[in-house]
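Student: This is the structure I want to talk about, given as structure tokens.
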Amino acid sequence: MYRLYGFALSNYYNLVKLTLLEKGLPFEEVPVSFPPQPEFLQKSPMGKIPCLEIDAGRYLSESQVILDYLEETHPEPALYPEDPYARAKVRELMRVLELYLELPARRLYAQAFFGGTVSEDTRREVRAQIEKAGAAFGQMARFEGYLAGGELSLADLAAVIHLPLVSLATRRIYGEDLLAPLVGLPDYLGRLRQRPCVQTVLEGQKQASARRTP
């Protein structure tokens with residue numbers, strides 16, 4: 001049985017958890033405190049969340065590395081298309097989503113979610129980045145079915161985990177959802193949220209958020 005180290009407020013932890021659930025793989029969740037303790041750094045030397053224990057003494061960190069490992073070792077149900085070009089397009093969608101939407105939005109999280117503040121310069125920079133990346137993502141993705149075509153892929157799992165955070169953060173900082181121009185996105189995310197595995201992950205996230213709130 002796998003052991004998944006991290007915490008349910010981490011969207012990358014939730015992405016790996018969702019992948020494990022969608023593949024029907026048994027795993028145990030192991031909470032990790034922050035900042036990471038020396039014992040955890042023996043498993044994930046950079047202190048990265050999540051960390052997956054494969055078996056005694058073997059660990060993987062970096063979410064994309066973990067996702068690729070799970071796909072290679074448990075190819076069914078497939079979360080990458082069989083065709084090499086189609087597989088590359090899934091990876092391309094994930095890169096745009098994570099590097100150019102979620103990562104810039106992360107600069108807003110201190111104020112949006114944790115009571116901190118961000119500067120006006122940061123707000124302007126992040127807004128420009130998200131607006132540019134949102135337009136590009138809307139050109140690349142398909143919201144009428146699954147992002148990369150006819151079958152569920154890792155790009156969809158990443159989208160249902162990351163995009164709601166980007167939307168919520170921008171609403172709280174700018175008073176508007178910077179992803180609103182993506183026509184079809186709300187219905188697309190609504191369909192994904194009907195999946196039992198997605199509901200399980202979102203419920204865990206909700207419970208973790210409630211425990212954190214004073």
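Chain labels run A, B, ... following the order of the structure tokens; each chain numbers its residues from 1, and ligands are numbered from 1 in the order shown.
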As number ranges by chain, please: all residues of range 19-152 of chain A that backbone DSSP puts in strand (DSSP E).
Tutor: A: 27-31, 51-55, 58-61
Student: Run DSSP on the backbone of this structure and report the residues of range 13-183 of chain A it assigns to helix (DSSP H, G or I), as a VMD selection string.
Tutor: chain A and resid 13 to 22 38 to 41 63 to 73 84 to 106 109 to 114 120 to 140 154 to 174
Student: Write out as a tab-separated table the residues of range 26-73 of chain A that have any atom within 7 Å of an atom of range 8-18 of chain A, one row each with the nearest atom pair and its distance in Å to one decimal, counting only C-alpha atoms, sorted by chain and then rising number.
Tutor:
```
residue	atom	partner	partner_atom	distance
A:Ile49	CA	A:Tyr13	CA	6.3
A:Pro50	CA	A:Tyr13	CA	4.9
A:Ser63	CA	A:Tyr12	CA	6.3
A:Leu67	CA	A:Val16	CA	6.6
```
Student: So, counting only C-alpha atoms, which residue among A:Val126, A:Arg193, A:Gln205, A:Leu108 is closest to Leu168 in chain A?
Tutor: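 Ranked by minimum distance to Leu168 in chain A, first place goes to A:Leu108.
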Student: Find the residue from A:Gly175, A:Gly115, A:Gly149, A:Pro181 that sits nearest to Arg87 in chain A; use only C-alpha atoms when measuring.
Tutor: A:Gly149
Student: List the neighbours of range 54-57 of chain A out to 8 Å using only C-alpha atoms; skip same-chain residues closer than 5 positions along the sequence, and give me the result as a ChimeraX atom specification.
Tutor: /A:1-3
Student: Generate a file of the selected residues that holds all heavy atoms, formatted as an mmCIF file, in the first residue's frame.
Tutor:
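Result file out.cif:
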```cif
data_model
loop_
_atom_site.group_PDB
_atom_site.id
_atom_site.type_symbol
_atom_site.label_atom_id
_atom_site.label_comp_id
_atom_site.auth_asym_id
_atom_site.auth_seq_id
_atom_site.Cartn_x
_atom_site.Cartn_y
_atom_site.Cartn_z
ATOM 1 N N MET A 1 0.837 -1.197 0.000
ATOM 2 C CA MET A 1 0.000 0.000 0.000
ATOM 3 C C MET A 1 0.879 1.256 0.000
ATOM 4 O O MET A 1 1.848 1.346 0.735
ATOM 5 C CB MET A 1 -0.924 0.011 1.226
ATOM 6 C CG MET A 1 -1.769 1.279 1.330
ATOM 7 S SD MET A 1 -2.755 1.392 2.839
ATOM 8 C CE MET A 1 -3.915 0.061 2.527
ATOM 9 N N TYR A 2 0.511 2.205 -0.852
ATOM 10 C CA TYR A 2 1.227 3.470 -0.878
ATOM 11 C C TYR A 2 0.920 4.285 0.378
ATOM 12 O O TYR A 2 -0.137 4.135 1.000
ATOM 13 C CB TYR A 2 0.815 4.288 -2.107
ATOM 14 C CG TYR A 2 1.237 3.707 -3.416
ATOM 15 C CD1 TYR A 2 0.292 3.315 -4.368
ATOM 16 C CD2 TYR A 2 2.581 3.551 -3.727
ATOM 17 C CE1 TYR A 2 0.680 2.790 -5.591
ATOM 18 C CE2 TYR A 2 2.979 3.025 -4.949
ATOM 19 C CZ TYR A 2 2.025 2.646 -5.866
ATOM 20 O OH TYR A 2 2.415 2.120 -7.075
ATOM 21 N N ARG A 3 1.850 5.185 0.706
ATOM 22 C CA ARG A 3 1.619 6.160 1.771
ATOM 23 C C ARG A 3 1.838 7.544 1.171
ATOM 24 O O ARG A 3 2.894 7.825 0.607
ATOM 25 C CB ARG A 3 2.558 5.920 2.958
ATOM 26 C CG ARG A 3 2.466 4.517 3.538
ATOM 27 C CD ARG A 3 3.362 4.383 4.766
ATOM 28 N NE ARG A 3 2.711 4.933 5.953
ATOM 29 C CZ ARG A 3 3.354 5.259 7.076
ATOM 30 N NH1 ARG A 3 4.684 5.155 7.131
ATOM 31 N NH2 ARG A 3 2.691 5.719 8.121
#
```
Student: Here is a test: counting only C-alpha atoms, which residue of A:Leu103, A:Leu165, A:Ala158, A:Leu178 is nearest to Lys132 in chain A?
Tutor: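 For Lys132 in chain A, the nearest of the given residues is A:Leu178.
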Student: Give me, please, the distance in Å between CA of Leu21 in chain A and CA of Lys48 in chain A, quoted to one decimal.
Tutor: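 CA of Leu21 in chain A sits 21.0 Å away from CA of Lys48 in chain A.
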Student: Can you work out which one of A:Val183, A:Val198, A:Val65, A:Leu4 has the shortest atom-to-atom distance to Gln139 in chain A, counting only C-alpha atoms?
Tutor: A:Val183
Student: Just the number, please: distance in Å from CA of Glu98 in chain A to CA of Pro26 in chain A, one decimal.
Tutor: 26.6 Å
Student: State, in Å with one decimal place, the distance from CA of Pro31 in chain A to CA of Gln207 in chain A.
Tutor: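 Distance between the two atoms: 13.6 Å.
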Student: Between A:Leu41, A:Val30, A:Met94, A:Ala148, which one has atoms that come closest to Gln64 in chain A, using only C-alpha atoms?
Tutor: A:Met94
Student: Please identify all polymer residues within 12 Å of Glu82 in chain A, counting only C-alpha atoms, omitting same-chain residues fewer than 6 positions from it, and present them as a ChimeraX atom specification.
Tutor: /A:71-72,75-76,88-90,151,153
Student: Give me the residues near Leu189 in chain A as a list in words, where near means some atom within 12 Å (using only C-alpha atoms) and where sequence neighbours in that chain fewer than 5 positions away do not count.
Tutor: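 The filter keeps Arg142, Phe143, Glu144, Gly145, Tyr146, Leu147, Asp156, Leu157, Ala158, Ala159, Val160, Ile161, His162, Leu163, Pro164, Ser167, Leu182, Val183, Gly184, Gln194, Arg195, Val198 and Gln199 of chain A.
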